[in-house]
Amino acid sequence: GAVVSQHPSWVICKSGTSVKIECRSLDFQATTMFWYRQFPKQSLMLMATSNEGSKATYEQGVEKDKFLINHASLTLSTLTVTSAHPEDSSFYICSARGTSAVAGGYTFGSGTRLTVV
Amino acid sequence: QKEVEQNSGPLSVPEGAIASLNCTYSDRGSQSFFWYRQYSGKSPELIMSIYSNGDKEDGRFTAQLNKASQYVSLLIRDSQPSDSATYLCAVVSGGYQKVTFGIGTKLQVIP
């Protein structure tokens, strides 16, 4: 089945620093990548959608200059949280959609727990 | 109005009973519907997908879709303690076919 590898699974960083999260599709080509954020006891909130080779489309209220998304290839997308603050501490999850429908067409990464201190 | 609505629960059922989880959505043009299970601190895992009106059964799980009522449900038969988790309803709509999640219903199966 389709697998999306997400790294790191958890990271602790200091305020003001940047953190990069990677998602790789291991056995399929991810034409579209969705990035979500989930705060405790809340649902997954879509942050942005990116198509390979194009600029990401950000949801309302998500700062594109703070959350940099790169989807340069069909197997790799990255989310960089720049100048991180404690309120950015959250669970970040990617979801990839490929050219064929597997697992409903959307495969989730395992998530990254970010803690900003 | 939220795009995808679920009762956050918790929904408590005894072991062996049927758990019924419900979800409503606002976009009539929605095309695909999914139920995900999420354990605390973990990523969601797909349980069921449904695309057309009616029932779809897979083992102990049955998904039901009624597009006229904009309603989708998940039934879990013979509930087990291991089914205790948060169940997320997800709806696909729009040109980008983005997935919108409900807040999730926390299910507790009591041994």
# chains A, B, ... in the order shown; residues from 1 in each chain; ligands from 1
$ interface_residues --of "chain B" --to "chain A" --cutoff "10 Å" --atoms "only C-alpha atoms" --output "ChimeraX atom specification"
/B:8,32-34,40-51,86,88-90,96-106
$ write_last_selection --atoms "N, CA and C atoms" --output "compact mmCIF listing (two decimals), in the first residue's frame"
# COMPACT_ATOMS: atom_id res chain seq x y z
N SER B 8 -18.52 15.79 19.77
CA SER B 8 -17.19 15.43 20.27
C SER B 8 -17.21 14.30 21.29
N SER B 32 -16.59 12.81 -1.76
CA SER B 32 -16.09 11.59 -1.12
C SER B 32 -16.12 11.78 0.39
N PHE B 33 -16.29 10.66 1.06
CA PHE B 33 -16.47 10.72 2.51
C PHE B 33 -15.66 9.61 3.16
N PHE B 34 -14.98 9.96 4.24
CA PHE B 34 -14.10 8.99 4.89
C PHE B 34 -14.31 9.01 6.39
N SER B 40 -4.59 8.68 20.45
CA SER B 40 -3.96 9.88 21.01
C SER B 40 -2.49 9.97 20.61
N GLY B 41 -2.11 11.10 20.05
CA GLY B 41 -0.72 11.33 19.67
C GLY B 41 -0.29 10.66 18.38
N LYS B 42 -1.25 10.03 17.71
CA LYS B 42 -0.92 9.33 16.46
C LYS B 42 -1.62 9.98 15.28
N SER B 43 -1.17 9.60 14.10
CA SER B 43 -1.77 10.10 12.87
C SER B 43 -3.06 9.34 12.58
N PRO B 44 -4.01 9.93 11.88
CA PRO B 44 -5.25 9.21 11.56
C PRO B 44 -5.00 8.01 10.65
N GLU B 45 -5.81 6.98 10.82
CA GLU B 45 -5.75 5.83 9.93
C GLU B 45 -7.12 5.61 9.33
N LEU B 46 -7.15 5.30 8.05
CA LEU B 46 -8.41 5.16 7.33
C LEU B 46 -9.16 3.91 7.78
N ILE B 47 -10.44 4.08 8.08
CA ILE B 47 -11.31 2.97 8.43
C ILE B 47 -12.20 2.61 7.26
N MET B 48 -12.90 3.61 6.74
CA MET B 48 -13.87 3.36 5.67
C MET B 48 -13.89 4.55 4.72
N SER B 49 -14.23 4.27 3.49
CA SER B 49 -14.51 5.33 2.52
C SER B 49 -15.86 5.01 1.88
N ILE B 50 -16.59 6.05 1.54
CA ILE B 50 -17.89 5.84 0.88
C ILE B 50 -18.13 6.98 -0.07
N TYR B 51 -18.69 6.64 -1.23
CA TYR B 51 -18.81 7.65 -2.29
C TYR B 51 -20.25 7.83 -2.79
N THR B 86 -10.57 8.23 18.88
CA THR B 86 -11.36 9.33 18.32
C THR B 86 -11.60 9.04 16.85
N LEU B 88 -12.75 10.37 13.27
CA LEU B 88 -12.85 11.60 12.49
C LEU B 88 -13.63 11.36 11.21
N CYS B 89 -14.59 12.22 10.98
CA CYS B 89 -15.33 12.22 9.72
C CYS B 89 -14.60 13.19 8.79
N ALA B 90 -14.38 12.79 7.56
CA ALA B 90 -13.67 13.64 6.61
C ALA B 90 -14.45 13.70 5.30
N TYR B 96 -9.70 21.68 -5.49
CA TYR B 96 -8.45 21.05 -5.06
C TYR B 96 -8.71 19.71 -4.37
N GLN B 97 -9.99 19.39 -4.23
CA GLN B 97 -10.38 18.17 -3.53
C GLN B 97 -9.71 18.08 -2.16
N LYS B 98 -9.81 19.16 -1.43
CA LYS B 98 -9.21 19.15 -0.11
C LYS B 98 -10.10 18.37 0.85
N VAL B 99 -9.44 17.81 1.84
CA VAL B 99 -10.14 17.02 2.85
C VAL B 99 -10.39 17.89 4.07
N THR B 100 -11.63 17.99 4.45
CA THR B 100 -12.00 18.75 5.65
C THR B 100 -12.45 17.78 6.72
N PHE B 101 -11.91 17.95 7.90
CA PHE B 101 -12.20 17.03 9.00
C PHE B 101 -13.18 17.63 10.00
N GLY B 102 -13.99 16.77 10.57
CA GLY B 102 -14.78 17.15 11.72
C GLY B 102 -13.90 17.13 12.96
N ILE B 103 -14.44 17.57 14.07
CA ILE B 103 -13.67 17.63 15.31
C ILE B 103 -13.37 16.24 15.87
N GLY B 104 -14.15 15.27 15.43
CA GLY B 104 -13.93 13.91 15.91
C GLY B 104 -14.81 13.56 17.10
N THR B 105 -15.24 12.32 17.14
CA THR B 105 -16.02 11.81 18.27
C THR B 105 -15.17 10.82 19.04
N LYS B 106 -15.02 11.08 20.32
CA LYS B 106 -14.25 10.17 21.16
C LYS B 106 -15.14 9.00 21.58
$ residues_around --residues "A:Leu114" --least-positions-apart "4" --cutoff "10 Å" --atoms "only C-alpha atoms" --output "tab-separated table (two decimals) with all heavy atoms, in the first residue's frame"
chain	number	residue	atom	x	y	z
A	8	PRO	N	10.95	14.91	11.28
A	8	PRO	CA	11.10	13.98	12.40
A	8	PRO	C	9.75	13.68	13.02
A	8	PRO	O	8.76	14.34	12.74
A	8	PRO	CB	11.97	14.78	13.37
A	8	PRO	CG	11.59	16.21	13.11
A	8	PRO	CD	11.30	16.29	11.63
A	9	SER	N	9.68	12.68	13.87
A	9	SER	CA	8.43	12.35	14.54
A	9	SER	C	8.19	13.31	15.70
A	9	SER	O	7.04	13.52	16.09
A	9	SER	CB	8.45	10.90	15.03
A	9	SER	OG	9.56	10.69	15.86
A	10	TRP	N	9.27	13.82	16.26
A	10	TRP	CA	9.10	14.85	17.28
A	10	TRP	C	10.35	15.75	17.27
A	10	TRP	O	11.44	15.31	16.90
A	10	TRP	CB	8.87	14.26	18.67
A	10	TRP	CG	9.99	13.41	19.17
A	10	TRP	CD1	10.15	12.07	19.00
A	10	TRP	CD2	11.13	13.84	19.91
A	10	TRP	NE1	11.31	11.64	19.57
A	10	TRP	CE2	11.93	12.70	20.16
A	10	TRP	CE3	11.56	15.07	20.41
A	10	TRP	CZ2	13.13	12.77	20.88
A	10	TRP	CZ3	12.74	15.15	21.13
A	10	TRP	CH2	13.52	13.99	21.34
A	11	VAL	N	10.15	16.99	17.65
A	11	VAL	CA	11.27	17.93	17.69
A	11	VAL	C	10.99	19.00	18.74
A	11	VAL	O	9.85	19.44	18.88
A	11	VAL	CB	11.51	18.55	16.29
A	11	VAL	CG1	10.28	19.28	15.77
A	11	VAL	CG2	12.71	19.49	16.30
A	12	ILE	N	12.04	19.35	19.44
A	12	ILE	CA	11.98	20.45	20.40
A	12	ILE	C	12.94	21.52	19.92
A	12	ILE	O	14.10	21.22	19.61
A	12	ILE	CB	12.38	19.99	21.82
A	12	ILE	CG1	11.43	18.87	22.29
A	12	ILE	CG2	12.34	21.16	22.80
A	12	ILE	CD1	11.85	18.24	23.61
A	13	CYS	N	12.48	22.75	19.83
A	13	CYS	CA	13.36	23.82	19.37
A	13	CYS	C	13.16	25.06	20.23
A	13	CYS	O	12.17	25.20	20.95
A	13	CYS	CB	13.10	24.14	17.90
A	13	CYS	SG	11.54	24.98	17.59
A	19	VAL	N	12.36	25.24	11.98
A	19	VAL	CA	12.28	23.79	11.99
A	19	VAL	C	11.73	23.31	10.65
A	19	VAL	O	10.74	23.86	10.16
A	19	VAL	CB	11.35	23.29	13.12
A	19	VAL	CG1	11.13	21.79	13.02
A	19	VAL	CG2	11.91	23.66	14.47
A	21	ILE	N	10.17	20.13	8.46
A	21	ILE	CA	9.51	18.82	8.52
A	21	ILE	C	9.43	18.28	7.10
A	21	ILE	O	9.03	18.99	6.18
A	21	ILE	CB	8.10	18.95	9.12
A	21	ILE	CG1	8.17	19.55	10.53
A	21	ILE	CG2	7.39	17.59	9.15
A	21	ILE	CD1	6.81	19.93	11.10
A	81	VAL	N	8.83	25.73	9.57
A	81	VAL	CA	8.25	26.70	10.50
A	81	VAL	C	9.36	27.68	10.84
A	81	VAL	O	10.36	27.31	11.47
A	81	VAL	CB	7.74	26.00	11.78
A	81	VAL	CG1	7.09	27.02	12.71
A	81	VAL	CG2	6.74	24.90	11.42
A	84	ALA	N	10.07	30.17	15.03
A	84	ALA	CA	9.05	29.46	15.80
A	84	ALA	C	8.80	30.14	17.15
A	84	ALA	O	9.72	30.66	17.79
A	84	ALA	CB	9.47	28.02	16.00
A	86	PRO	N	6.32	29.60	20.93
A	86	PRO	CA	5.63	28.55	21.70
A	86	PRO	C	4.22	28.25	21.19
A	86	PRO	O	3.78	27.11	21.24
A	86	PRO	CB	5.61	29.13	23.12
A	86	PRO	CG	6.85	29.95	23.19
A	86	PRO	CD	6.98	30.58	21.82
A	88	ASP	N	3.31	27.96	18.30
A	88	ASP	CA	3.39	27.08	17.13
A	88	ASP	C	3.51	25.62	17.54
A	88	ASP	O	3.46	24.72	16.67
A	88	ASP	CB	4.61	27.45	16.26
A	88	ASP	CG	4.51	28.86	15.69
A	88	ASP	OD1	3.38	29.30	15.37
A	88	ASP	OD2	5.56	29.53	15.60
A	89	SER	N	3.66	25.37	18.82
A	89	SER	CA	3.75	24.00	19.31
A	89	SER	C	2.45	23.27	18.96
A	89	SER	O	1.36	23.71	19.33
A	89	SER	CB	3.97	23.97	20.82
A	89	SER	OG	5.18	24.63	21.17
A	90	SER	N	2.59	22.18	18.24
A	90	SER	CA	1.40	21.48	17.77
A	90	SER	C	1.84	20.16	17.13
A	90	SER	O	3.02	19.82	17.10
A	90	SER	CB	0.67	22.35	16.73
A	90	SER	OG	-0.57	21.78	16.35
A	91	PHE	N	0.86	19.42	16.65
A	91	PHE	CA	1.08	18.17	15.92
A	91	PHE	C	0.86	18.49	14.45
A	91	PHE	O	-0.22	18.91	14.06
A	91	PHE	CB	0.09	17.12	16.43
A	91	PHE	CG	0.36	15.71	15.97
A	91	PHE	CD1	1.63	15.16	16.06
A	91	PHE	CD2	-0.67	14.92	15.49
A	91	PHE	CE1	1.87	13.86	15.66
A	91	PHE	CE2	-0.43	13.61	15.09
A	91	PHE	CZ	0.84	13.08	15.18
A	92	TYR	N	1.91	18.32	13.64
A	92	TYR	CA	1.82	18.64	12.21
A	92	TYR	C	1.79	17.33	11.42
A	92	TYR	O	2.61	16.44	11.64
A	92	TYR	CB	3.02	19.49	11.78
A	92	TYR	CG	3.01	20.88	12.38
A	92	TYR	CD1	3.52	21.11	13.65
A	92	TYR	CD2	2.46	21.95	11.69
A	92	TYR	CE1	3.49	22.37	14.22
A	92	TYR	CE2	2.43	23.22	12.23
A	92	TYR	CZ	2.95	23.43	13.50
A	92	TYR	OH	2.91	24.70	14.06
$ atom_distance --atom1 "atom CA of A:Gly53" --atom2 "atom CA of A:Thr75"
11.5 Å
$ closest_residue --among "A:Ala56, A:His85, A:Ser77, A:Arg24" --to "A:Thr115" --atoms "only C-alpha atoms"
A:His85
